[in-house]
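Raw input16.pdb, PDB, C-alpha atoms:
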ATOM      1  CA  MET A   1       0.000   0.000   0.000
ATOM      2  CA  LEU A   2       2.984   2.307   0.650
ATOM      3  CA  TRP A   3       3.935   2.181  -3.052
ATOM      4  CA  LEU A   4       0.397   3.135  -4.027
ATOM      5  CA  ILE A   5       0.490   6.133  -1.663
ATOM      6  CA  ILE A   6       3.867   7.170  -3.159
ATOM      7  CA  ALA A   7       2.457   6.809  -6.696
ATOM      8  CA  TYR A   8      -0.681   8.780  -5.770
ATOM      9  CA  PHE A   9       1.186  11.765  -4.350
ATOM     10  CA  ALA A  10       4.015  11.681  -6.924
ATOM     11  CA  ASN A  11       1.526  11.788  -9.816
ATOM     12  CA  GLY A  12      -0.600  14.409  -8.073
ATOM     13  CA  LEU A  13       2.443  16.585  -7.367
ATOM     14  CA  ALA A  14       3.626  16.252 -10.987
ATOM     15  CA  GLN A  15       0.242  17.651 -12.079
ATOM     16  CA  PHE A  16       0.472  20.416  -9.473
ATOM     17  CA  PHE A  17       3.923  21.435 -10.754
ATOM     18  CA  GLU A  18       2.412  21.760 -14.255
ATOM     19  CA  LYS A  19       0.004  24.279 -12.741
ATOM     20  CA  SER A  20       2.913  25.862 -10.853
ATOM     21  CA  LEU A  21       4.765  26.471 -14.136
ATOM     22  CA  GLN A  22       1.959  28.724 -15.363
ATOM     23  CA  ALA A  23       1.510  30.309 -11.924
ATOM     24  CA  GLN A  24       5.200  31.359 -11.983
ATOM     25  CA  GLY A  25       4.612  33.113 -15.314
ATOM     26  CA  LEU A  26       6.739  30.605 -17.230
ATOM     27  CA  GLY A  27       4.036  29.675 -19.738
ATOM     28  CA  ALA A  28       6.238  30.791 -22.655
ATOM     29  CA  TYR A  29       8.750  28.055 -21.810
ATOM     30  CA  VAL A  30       6.492  24.988 -22.078
ATOM     31  CA  PRO A  31       8.691  23.091 -24.618
ATOM     32  CA  SER A  32      11.781  23.743 -22.447
ATOM     33  CA  ALA A  33       9.961  22.475 -19.352
ATOM     34  CA  LEU A  34       8.895  19.364 -21.267
ATOM     35  CA  ILE A  35      12.513  18.751 -22.363
ATOM     36  CA  MET A  36      13.507  18.808 -18.681
ATOM     37  CA  MET A  37      10.555  16.612 -17.745
ATOM     38  CA  TYR A  38      11.337  13.891 -20.294
ATOM     39  CA  CYS A  39      15.110  14.049 -19.736
ATOM     40  CA  VAL A  40      14.702  13.658 -15.955
ATOM     41  CA  GLY A  41      12.149  10.905 -16.676
ATOM     42  CA  GLY A  42      14.708   9.136 -18.866
ATOM     43  CA  VAL A  43      17.609   9.644 -16.430
ATOM     44  CA  ILE A  44      15.622   8.153 -13.515
ATOM     45  CA  GLY A  45      13.865   5.636 -15.764
ATOM     46  CA  PHE A  46      17.094   4.094 -17.126
ATOM     47  CA  PRO A  47      18.314   2.682 -13.756
ATOM     48  CA  LEU A  48      14.765   1.385 -13.164
ATOM     49  CA  TYR A  49      14.976  -0.330 -16.556
ATOM     50  CA  LEU A  50      18.274  -1.966 -15.501
ATOM     51  CA  ILE A  51      17.094  -2.868 -11.967
ATOM     52  CA  PHE A  52      13.897  -4.513 -13.230
ATOM     53  CA  ARG A  53      15.839  -6.155 -16.096
ATOM     54  CA  GLY A  54      13.515  -4.583 -18.627
ATOM     55  CA  LYS A  55      13.567  -5.230 -22.339
ATOM     56  CA  ILE A  56      13.093  -3.102 -25.425
ATOM     57  CA  SER A  57      11.833  -5.202 -28.293
ATOM     58  CA  ARG A  58       9.731  -4.247 -31.310
ATOM     59  CA  THR A  59       6.578  -4.206 -29.120
ATOM     60  CA  GLU A  60       8.049  -1.693 -26.641
ATOM     61  CA  LEU A  61       9.374   0.436 -29.512
ATOM     62  CA  VAL A  62       6.044   0.580 -31.364
ATOM     63  CA  PHE A  63       3.883   1.204 -28.278
ATOM     64  CA  GLY A  64       6.520   3.478 -26.720
ATOM     65  CA  LEU A  65       6.453   5.630 -29.861
ATOM     66  CA  GLY A  66       2.678   5.962 -29.609
ATOM     67  CA  VAL A  67       2.759   6.613 -25.858
ATOM     68  CA  GLY A  68       5.504   9.240 -26.307
ATOM     69  CA  ILE A  69       3.539  11.116 -28.974
ATOM     70  CA  CYS A  70       0.300  11.007 -26.944
ATOM     71  CA  SER A  71       2.152  11.958 -23.749
ATOM     72  CA  PHE A  72       3.757  14.985 -25.429
ATOM     73  CA  ALA A  73       0.399  16.086 -26.919
ATOM     74  CA  GLY A  74      -1.385  15.611 -23.574
ATOM     75  CA  ASN A  75       1.189  17.334 -21.375
ATOM     76  CA  PHE A  76       1.838  20.202 -23.793
ATOM     77  CA  SER A  77      -1.899  20.841 -24.103
ATOM     78  CA  ILE A  78      -2.705  20.580 -20.409
ATOM     79  CA  ILE A  79       0.012  23.120 -19.499
ATOM     80  CA  GLN A  80      -1.276  25.457 -22.216
ATOM     81  CA  ALA A  81      -4.859  25.039 -20.951
ATOM     82  CA  LEU A  82      -3.715  25.933 -17.424
ATOM     83  CA  LYS A  83      -2.694  29.361 -18.713
ATOM     84  CA  TYR A  84      -6.323  30.583 -18.526
ATOM     85  CA  LEU A  85      -8.282  27.789 -16.849
ATOM     86  CA  PRO A  86      -8.013  26.951 -13.141
ATOM     87  CA  ALA A  87      -6.687  23.551 -12.024
ATOM     88  CA  TYR A  88     -10.133  22.497 -10.748
ATOM     89  CA  THR A  89     -11.491  22.798 -14.302
ATOM     90  CA  THR A  90      -8.511  21.558 -16.318
ATOM     91  CA  PHE A  91      -7.593  18.345 -14.473
ATOM     92  CA  PRO A  92     -11.093  16.901 -14.004
ATOM     93  CA  ILE A  93     -11.878  17.573 -17.701
ATOM     94  CA  ALA A  94      -8.574  16.140 -18.985
ATOM     95  CA  VAL A  95      -8.364  13.132 -16.635
ATOM     96  CA  GLY A  96     -12.095  12.384 -16.258
ATOM     97  CA  GLY A  97     -12.752  13.094 -19.949
ATOM     98  CA  ALA A  98     -10.004  10.713 -21.041
ATOM     99  CA  ILE A  99     -11.395   7.885 -18.905
ATOM    100  CA  VAL A 100     -14.906   8.474 -20.308
ATOM    101  CA  VAL A 101     -13.507   8.462 -23.891
ATOM    102  CA  VAL A 102     -11.561   5.234 -23.223
ATOM    103  CA  ALA A 103     -14.672   3.544 -21.789
ATOM    104  CA  ILE A 104     -16.780   4.588 -24.796
ATOM    105  CA  CYS A 105     -14.055   3.535 -27.304
ATOM    106  CA  SER A 106     -13.608   0.170 -25.544
ATOM    107  CA  TRP A 107     -17.373  -0.413 -25.722
ATOM    108  CA  LEU A 108     -17.819   0.766 -29.326
ATOM    109  CA  PHE A 109     -14.675  -0.573 -31.000
ATOM    110  CA  PHE A 110     -13.419  -3.427 -28.825
ATOM    111  CA  GLY A 111     -16.763  -4.942 -27.809
ATOM    112  CA  GLU A 112     -16.029  -4.510 -24.102
ATOM    113  CA  HIS A 113     -18.970  -5.098 -21.753
ATOM    114  CA  LEU A 114     -20.160  -2.054 -19.813
ATOM    115  CA  SER A 115     -21.749  -2.721 -16.420
ATOM    116  CA  ALA A 116     -24.674  -0.614 -15.177
ATOM    117  CA  SER A 117     -22.355   1.316 -12.841
ATOM    118  CA  ALA A 118     -19.998   2.054 -15.745
ATOM    119  CA  LYS A 119     -22.902   3.498 -17.774
ATOM    120  CA  TRP A 120     -23.739   5.731 -14.800
ATOM    121  CA  GLY A 121     -20.044   6.635 -14.700
ATOM    122  CA  ILE A 122     -20.223   7.856 -18.311
ATOM    123  CA  VAL A 123     -23.340   9.922 -17.514
ATOM    124  CA  CYS A 124     -21.632  11.428 -14.433
ATOM    125  CA  GLY A 125     -18.513  12.188 -16.491
ATOM    126  CA  ILE A 126     -20.454  13.989 -19.221
ATOM    127  CA  VAL A 127     -22.459  16.021 -16.660
ATOM    128  CA  ALA A 128     -19.221  16.836 -14.775
ATOM    129  CA  ILE A 129     -17.523  18.118 -17.935
ATOM    130  CA  GLY A 130     -20.639  20.203 -18.726
ATOM    131  CA  LEU A 131     -20.651  21.715 -15.214
ATOM    132  CA  LEU A 132     -16.917  22.438 -15.296
ATOM    133  CA  THR A 133     -17.138  24.016 -18.747
ATOM    134  CA  VAL A 134     -20.014  26.397 -17.926
ATOM    135  CA  GLY A 135     -19.024  26.835 -14.250
TER     136      GLY A 135
ATOM    137  CA  MET B   1     -10.421  31.108 -22.983
ATOM    138  CA  THR B   2     -11.951  29.149 -25.909
ATOM    139  CA  LEU B   3      -8.436  28.158 -26.953
ATOM    140  CA  SER B   4      -7.893  26.747 -23.450
ATOM    141  CA  TYR B   5     -10.906  24.450 -23.863
ATOM    142  CA  PHE B   6      -9.482  23.377 -27.239
ATOM    143  CA  TYR B   7      -6.211  22.496 -25.450
ATOM    144  CA  CYS B   8      -8.278  20.536 -22.881
ATOM    145  CA  LEU B   9      -9.819  18.599 -25.767
ATOM    146  CA  VAL B  10      -6.373  17.803 -27.209
ATOM    147  CA  ALA B  11      -5.245  16.710 -23.716
ATOM    148  CA  VAL B  12      -8.275  14.392 -23.490
ATOM    149  CA  VAL B  13      -7.357  12.865 -26.872
ATOM    150  CA  GLY B  14      -3.687  12.537 -25.838
ATOM    151  CA  PHE B  15      -4.397  10.914 -22.462
ATOM    152  CA  SER B  16      -7.066   8.647 -23.996
ATOM    153  CA  GLY B  17      -4.437   7.525 -26.509
ATOM    154  CA  ILE B  18      -2.015   6.718 -23.672
ATOM    155  CA  TYR B  19      -4.621   4.638 -21.788
ATOM    156  CA  LEU B  20      -5.666   2.755 -24.948
ATOM    157  CA  LEU B  21      -2.047   2.083 -25.982
ATOM    158  CA  LEU B  22      -1.074   0.933 -22.475
ATOM    159  CA  GLY B  23      -4.076  -1.404 -22.430
ATOM    160  CA  ALA B  24      -3.131  -2.858 -25.818
ATOM    161  CA  SER B  25       0.553  -3.153 -24.815
ATOM    162  CA  GLN B  26      -0.387  -5.074 -21.633
ATOM    163  CA  LYS B  27      -2.203  -7.642 -23.780
ATOM    164  CA  ARG B  28       1.038  -8.092 -25.776
ATOM    165  CA  MET B  29       3.048  -8.467 -22.547
ATOM    166  CA  ALA B  30       5.141  -5.346 -23.217
ATOM    167  CA  ASP B  31       7.716  -4.521 -20.532
ATOM    168  CA  PRO B  32       6.591  -1.352 -18.645
ATOM    169  CA  THR B  33      10.110  -0.077 -17.900
ATOM    170  CA  GLY B  34      11.144  -0.429 -21.554
ATOM    171  CA  LEU B  35       7.934   1.249 -22.657
ATOM    172  CA  ASN B  36       8.520   4.120 -20.204
ATOM    173  CA  LEU B  37      12.081   4.611 -21.447
ATOM    174  CA  VAL B  38      11.075   4.656 -25.123
ATOM    175  CA  GLY B  39       8.171   7.012 -24.304
ATOM    176  CA  CYS B  40      10.540   9.415 -22.494
ATOM    177  CA  CYS B  41      12.967   9.419 -25.450
ATOM    178  CA  VAL B  42      10.169  10.106 -27.952
ATOM    179  CA  GLY B  43       8.712  12.820 -25.692
ATOM    180  CA  ALA B  44      12.145  14.430 -25.301
ATOM    181  CA  GLY B  45      12.674  14.356 -29.083
ATOM    182  CA  LEU B  46       9.321  16.015 -29.749
ATOM    183  CA  SER B  47       9.983  18.618 -27.040
ATOM    184  CA  PHE B  48      13.374  19.444 -28.604
ATOM    185  CA  ALA B  49      11.660  19.817 -31.993
ATOM    186  CA  ALA B  50       9.000  22.123 -30.478
ATOM    187  CA  ALA B  51      11.635  24.237 -28.705
ATOM    188  CA  CYS B  52      13.831  24.761 -31.793
ATOM    189  CA  PRO B  53      15.870  26.884 -32.225
ATOM    190  CA  ILE B  54      17.172  26.137 -28.718
ATOM    191  CA  HIS B  55      19.000  28.840 -26.736
ATOM    192  CA  MET B  56      20.235  28.792 -23.139
ATOM    193  CA  ALA B  57      17.828  31.696 -22.496
ATOM    194  CA  ALA B  58      14.969  29.226 -22.966
ATOM    195  CA  PHE B  59      16.003  27.492 -19.732
ATOM    196  CA  PRO B  60      15.599  29.943 -16.843
ATOM    197  CA  ARG B  61      16.078  28.559 -13.347
ATOM    198  CA  GLY B  62      12.327  28.228 -12.691
ATOM    199  CA  VAL B  63      11.872  26.103 -15.820
ATOM    200  CA  LEU B  64      14.837  23.869 -14.934
ATOM    201  CA  VAL B  65      13.543  23.265 -11.417
ATOM    202  CA  THR B  66       9.826  22.944 -12.212
ATOM    203  CA  GLY B  67      10.369  20.815 -15.339
ATOM    204  CA  SER B  68      12.644  18.477 -13.360
ATOM    205  CA  LEU B  69      10.088  18.206 -10.544
ATOM    206  CA  ILE B  70       7.343  17.306 -13.055
ATOM    207  CA  GLY B  71       9.592  14.606 -14.561
ATOM    208  CA  ALA B  72      10.631  13.225 -11.152
ATOM    209  CA  GLY B  73       7.010  13.149  -9.979
ATOM    210  CA  ALA B  74       5.914  11.326 -13.129
ATOM    211  CA  VAL B  75       8.694   8.699 -12.880
ATOM    212  CA  PHE B  76       8.210   8.059  -9.150
ATOM    213  CA  GLY B  77       4.477   7.793  -9.848
ATOM    214  CA  PHE B  78       5.287   5.193 -12.501
ATOM    215  CA  LEU B  79       7.651   3.345 -10.115
ATOM    216  CA  GLY B  80       4.956   3.336  -7.424
ATOM    217  CA  ILE B  81       2.423   1.855  -9.845
ATOM    218  CA  VAL B  82       4.829  -0.889 -10.990
ATOM    219  CA  MET B  83       5.761  -1.778  -7.396
ATOM    220  CA  ALA B  84       2.115  -1.680  -6.225
ATOM    221  CA  LEU B  85       1.138  -4.095  -9.010
ATOM    222  CA  ARG B  86       4.080  -6.352  -8.113
ATOM    223  CA  THR B  87       2.946  -6.515  -4.471
ATOM    224  CA  GLY B  88      -0.370  -7.913  -5.679
ATOM    225  CA  ILE B  89      -2.718  -4.920  -5.504
ATOM    226  CA  PRO B  90      -5.376  -5.411  -8.235
ATOM    227  CA  VAL B  91      -5.055  -3.297 -11.410
ATOM    228  CA  SER B  92      -8.593  -1.899 -10.961
ATOM    229  CA  VAL B  93      -7.705  -0.581  -7.480
ATOM    230  CA  VAL B  94      -4.415   0.947  -8.722
ATOM    231  CA  ASN B  95      -6.126   2.580 -11.729
ATOM    232  CA  THR B  96      -8.936   4.053  -9.621
ATOM    233  CA  ILE B  97      -6.604   5.518  -7.000
ATOM    234  CA  MET B  98      -4.211   6.892  -9.632
ATOM    235  CA  SER B  99      -7.047   8.545 -11.577
ATOM    236  CA  LEU B 100      -8.234  10.201  -8.388
ATOM    237  CA  ALA B 101      -4.752  11.740  -7.952
ATOM    238  CA  MET B 102      -6.213  14.789  -9.735
ATOM    239  CA  VAL B 103      -7.559  15.766  -6.291
ATOM    240  CA  VAL B 104      -3.962  16.656  -5.265
ATOM    241  CA  PRO B 105      -3.360  19.478  -7.820
ATOM    242  CA  VAL B 106      -6.915  20.776  -7.362
ATOM    243  CA  ALA B 107      -6.548  20.923  -3.555
ATOM    244  CA  LEU B 108      -3.019  22.383  -3.659
ATOM    245  CA  SER B 109      -4.088  25.045  -6.188
ATOM    246  CA  VAL B 110      -6.950  26.084  -3.899
ATOM    247  CA  VAL B 111      -4.507  26.349  -0.965
ATOM    248  CA  PHE B 112      -1.456  27.915  -2.660
ATOM    249  CA  TYR B 113      -2.967  29.849  -5.581
ATOM    250  CA  HIS B 114      -6.271  30.730  -3.898
ATOM    251  CA  GLU B 115      -8.406  29.326  -6.715
ATOM    252  CA  LEU B 116     -12.000  29.624  -5.577
ATOM    253  CA  LEU B 117     -14.421  26.808  -6.346
ATOM    254  CA  HIS B 118     -18.020  27.828  -7.072
ATOM    255  CA  VAL B 119     -20.918  25.492  -6.274
ATOM    256  CA  ARG B 120     -21.245  24.321  -9.897
ATOM    257  CA  THR B 121     -17.525  23.684 -10.333
ATOM    258  CA  LEU B 122     -17.316  21.918  -6.956
ATOM    259  CA  ALA B 123     -20.210  19.685  -8.056
ATOM    260  CA  GLY B 124     -18.363  19.087 -11.347
ATOM    261  CA  VAL B 125     -15.119  18.092  -9.564
ATOM    262  CA  ILE B 126     -17.013  15.688  -7.267
ATOM    263  CA  LEU B 127     -18.982  14.202 -10.192
ATOM    264  CA  ALA B 128     -15.738  13.724 -12.161
ATOM    265  CA  GLY B 129     -14.331  11.764  -9.191
ATOM    266  CA  VAL B 130     -17.528   9.673  -8.953
ATOM    267  CA  SER B 131     -17.368   9.068 -12.731
ATOM    268  CA  VAL B 132     -13.746   7.858 -12.528
ATOM    269  CA  TYR B 133     -14.625   5.562  -9.611
ATOM    270  CA  LEU B 134     -17.630   4.047 -11.414
ATOM    271  CA  LEU B 135     -15.832   3.652 -14.752
ATOM    272  CA  GLN B 136     -12.766   1.881 -13.401
ATOM    273  CA  GLY B 137     -14.841  -1.185 -12.569
ATOM    274  CA  ARG B 138     -16.420  -1.356 -16.034
ATOM    275  CA  LYS B 139     -15.123  -4.874 -16.764
ATOM    276  CA  SER B 140     -16.629  -6.418 -13.631
TER     277      SER B 140
END
Would you encode the structure as structure tokens?
Amino acid sequence: MLWLIIAYFANGLAQFFEKSLQAQGLGAYVPSALIMMYCVGGVIGFPLYLIFRGKISRTELVFGLGVGICSFAGNFSIIQALKYLPAYTTFPIAVGGAIVVVAICSWLFFGEHLSASAKWGIVCGIVAIGLLTVG
Amino acid sequence: MTLSYFYCLVAVVGFSGIYLLLGASQKRMADPTGLNLVGCCVGAGLSFAAACPIHMAAFPRGVLVTGSLIGAGAVFGFLGIVMALRTGIPVSVVNTIMSLAMVVPVALSVVFYHELLHVRTLAGVILAGVSVYLLQGRKS
């Protein structure tokens, strides 16, 4: 459970520092901040790769390429959005919206079963995004 | 302001892509540490391309520190997830708790940057949390 608590706060703090970048008036330096972010990620990630005896085969290369592109698009956009929108609007829309989109895509394109609670989750997500957008 | 909502939309597409790709990679037994490393290299390459032409003036102290903190937070978050899964915590529990990590930046921004939540936005934040909680168990 300790690892989960570490992951929770580390991820949450990473998101808060994205907000902090804009709050410090450094919004013009988003690509530079992302260079630092990915380089530090790589520098810390490489020993983890060695410790866990990871592998980089064709699968990791193909999916890693996709994840890297999506990660750059997501992080670049969320920091730009934080320039004018508060954190309480940006993060619930970006995080909650993505989970709603994934659930709908999984149901529509991959034939995944949606339970009754999941359907209510989609309704709640859409209402939440509406409230946050007009709020 | 409208442009900010457009950026939110792009972020939704980007993060949805990450979740879908990670789901598909798990089915193909991809190694998470290798995937993370490749993702970081691709992200760094794209960031370099976006920052071109690169000058030292583009790296003030605040950017160096804050960018590094974002990267460290993201990697330790990733390490925590990998270790939590290895200790036997179910994926659905890990996913739900990690998705609810958005509470941290929202709460800290209210405290440190005095962002005021109105009734409608507070209801929206709570509903987004409820939505994430309900959706994470969609396979059960």
Polymer residues at most 6 Å from stretch 36-49 of chain A, all atoms listed in the file, same-chain spacing of 5 or more positions, as a PyMOL selection string: (chain A and resi 54) or (chain B and resi 33+37+40+44+67-68+70-71+75)
How would the residues just chosen look if you wrote them out with C-alpha atoms as a PDB file, in the frame of the given file?
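Saved result, again_15.pdb, follows:
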ATOM      1  CA  GLY A  54      13.515  -4.583 -18.627  1.00  0.00           C
TER       2      GLY A  54
ATOM      3  CA  THR B  33      10.110  -0.077 -17.900  1.00  0.00           C
ATOM      4  CA  LEU B  37      12.081   4.611 -21.447  1.00  0.00           C
ATOM      5  CA  CYS B  40      10.540   9.415 -22.494  1.00  0.00           C
ATOM      6  CA  ALA B  44      12.145  14.430 -25.301  1.00  0.00           C
ATOM      7  CA  GLY B  67      10.369  20.815 -15.339  1.00  0.00           C
ATOM      8  CA  SER B  68      12.644  18.477 -13.360  1.00  0.00           C
ATOM      9  CA  ILE B  70       7.343  17.306 -13.055  1.00  0.00           C
ATOM     10  CA  GLY B  71       9.592  14.606 -14.561  1.00  0.00           C
ATOM     11  CA  VAL B  75       8.694   8.699 -12.880  1.00  0.00           C
TER      12      VAL B  75
END
Distance criterion (all atoms listed in the file): nearest to A:Gly12 out of B:Ile81, B:Val94, B:Glu115, B:Ala74: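 Closest candidate: B:Ala74.
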Which residues of chain A come within 6 Å of chain B, and for each one, what is the closest pair of atoms and their distance in Å to one decimal, counting all atoms listed in the file, sorted by chain and residue number, as a tab-separated table?
residue	atom	partner	partner_atom	distance
A:Trp3	CA	B:Gly80	CA	4.6
A:Leu4	CA	B:Ala84	CA	5.6
A:Ile6	CA	B:Gly80	CA	5.8
A:Ala7	CA	B:Gly77	CA	3.9
A:Tyr8	CA	B:Ala101	CA	5.5
A:Ala10	CA	B:Gly73	CA	4.5
A:Asn11	CA	B:Gly77	CA	5.0
A:Gly12	CA	B:Val104	CA	4.9
A:Ala14	CA	B:Ile70	CA	4.4
A:Gln15	CA	B:Pro105	CA	5.9
A:Phe16	CA	B:Pro105	CA	4.3
A:Phe17	CA	B:Ile70	CA	5.8
A:Pro31	CA	B:Ala51	CA	5.2
A:Ala33	CA	B:Gly67	CA	4.4
A:Leu34	CA	B:Ser47	CA	5.9
A:Ile35	CA	B:Ala44	CA	5.2
A:Met36	CA	B:Gly67	CA	5.0
A:Met37	CA	B:Gly71	CA	3.9
A:Tyr38	CA	B:Cys40	CA	5.1
A:Val40	CA	B:Gly71	CA	5.4
A:Gly41	CA	B:Gly71	CA	5.0
A:Gly42	CA	B:Cys40	CA	5.5
A:Tyr49	CA	B:Thr33	CA	5.1
A:Gly54	CA	B:Gly34	CA	5.6
A:Lys55	CA	B:Gly34	CA	5.4
A:Ile56	CA	B:Gly34	CA	5.1
A:Glu60	CA	B:Leu35	CA	5.0
A:Gly64	CA	B:Gly39	CA	4.6
A:Leu65	CA	B:Gly39	CA	6.0
A:Val67	CA	B:Ile18	CA	5.3
A:Gly68	CA	B:Gly39	CA	4.0
A:Cys70	CA	B:Gly14	CA	4.4
A:Phe72	CA	B:Gly43	CA	5.4
A:Ala73	CA	B:Gly14	CA	5.5
A:Gly74	CA	B:Ala11	CA	4.0
A:Ser77	CA	B:Tyr7	CA	4.8
A:Ile78	CA	B:Ala11	CA	5.7
A:Ala81	CA	B:Ser4	CA	4.3
A:Ala87	CA	B:Val106	CA	5.4
A:Tyr88	CA	B:Val106	CA	5.0
A:Pro92	CA	B:Ala128	CA	5.9
A:Ala94	CA	B:Val12	CA	4.8
A:Gly96	CA	B:Ala128	CA	5.6
A:Gly97	CA	B:Val12	CA	5.9
A:Ala98	CA	B:Ser16	CA	4.7
A:Val102	CA	B:Ser16	CA	5.7
A:Leu114	CA	B:Arg138	CA	5.4
A:Ser115	CA	B:Arg138	CA	5.5
A:Ser117	CA	B:Leu134	CA	5.6
A:Ala118	CA	B:Leu135	CA	4.6
A:Gly121	CA	B:Ser131	CA	4.1
A:Cys124	CA	B:Ser131	CA	5.2
A:Gly125	CA	B:Ser131	CA	5.0
A:Ala128	CA	B:Gly124	CA	4.2
A:Leu131	CA	B:Gly124	CA	5.2
A:Leu132	CA	B:Thr121	CA	5.2
A:Gly135	CA	B:Thr121	CA	5.2
Pick from A:Val134, A:Phe109, A:Phe91, A:Ile104 nearest to A:Ile79, counting all atoms listed in the file: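 Between A:Val134, A:Phe109, A:Phe91, A:Ile104, the residue approaching A:Ile79 most closely is A:Phe91.
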Between atom CA of A:Ala103 and atom CA of A:Thr89 - distance in Å to one decimal: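 Separation of atom CA of A:Thr89 and atom CA of A:Ala103: 20.9 Å.
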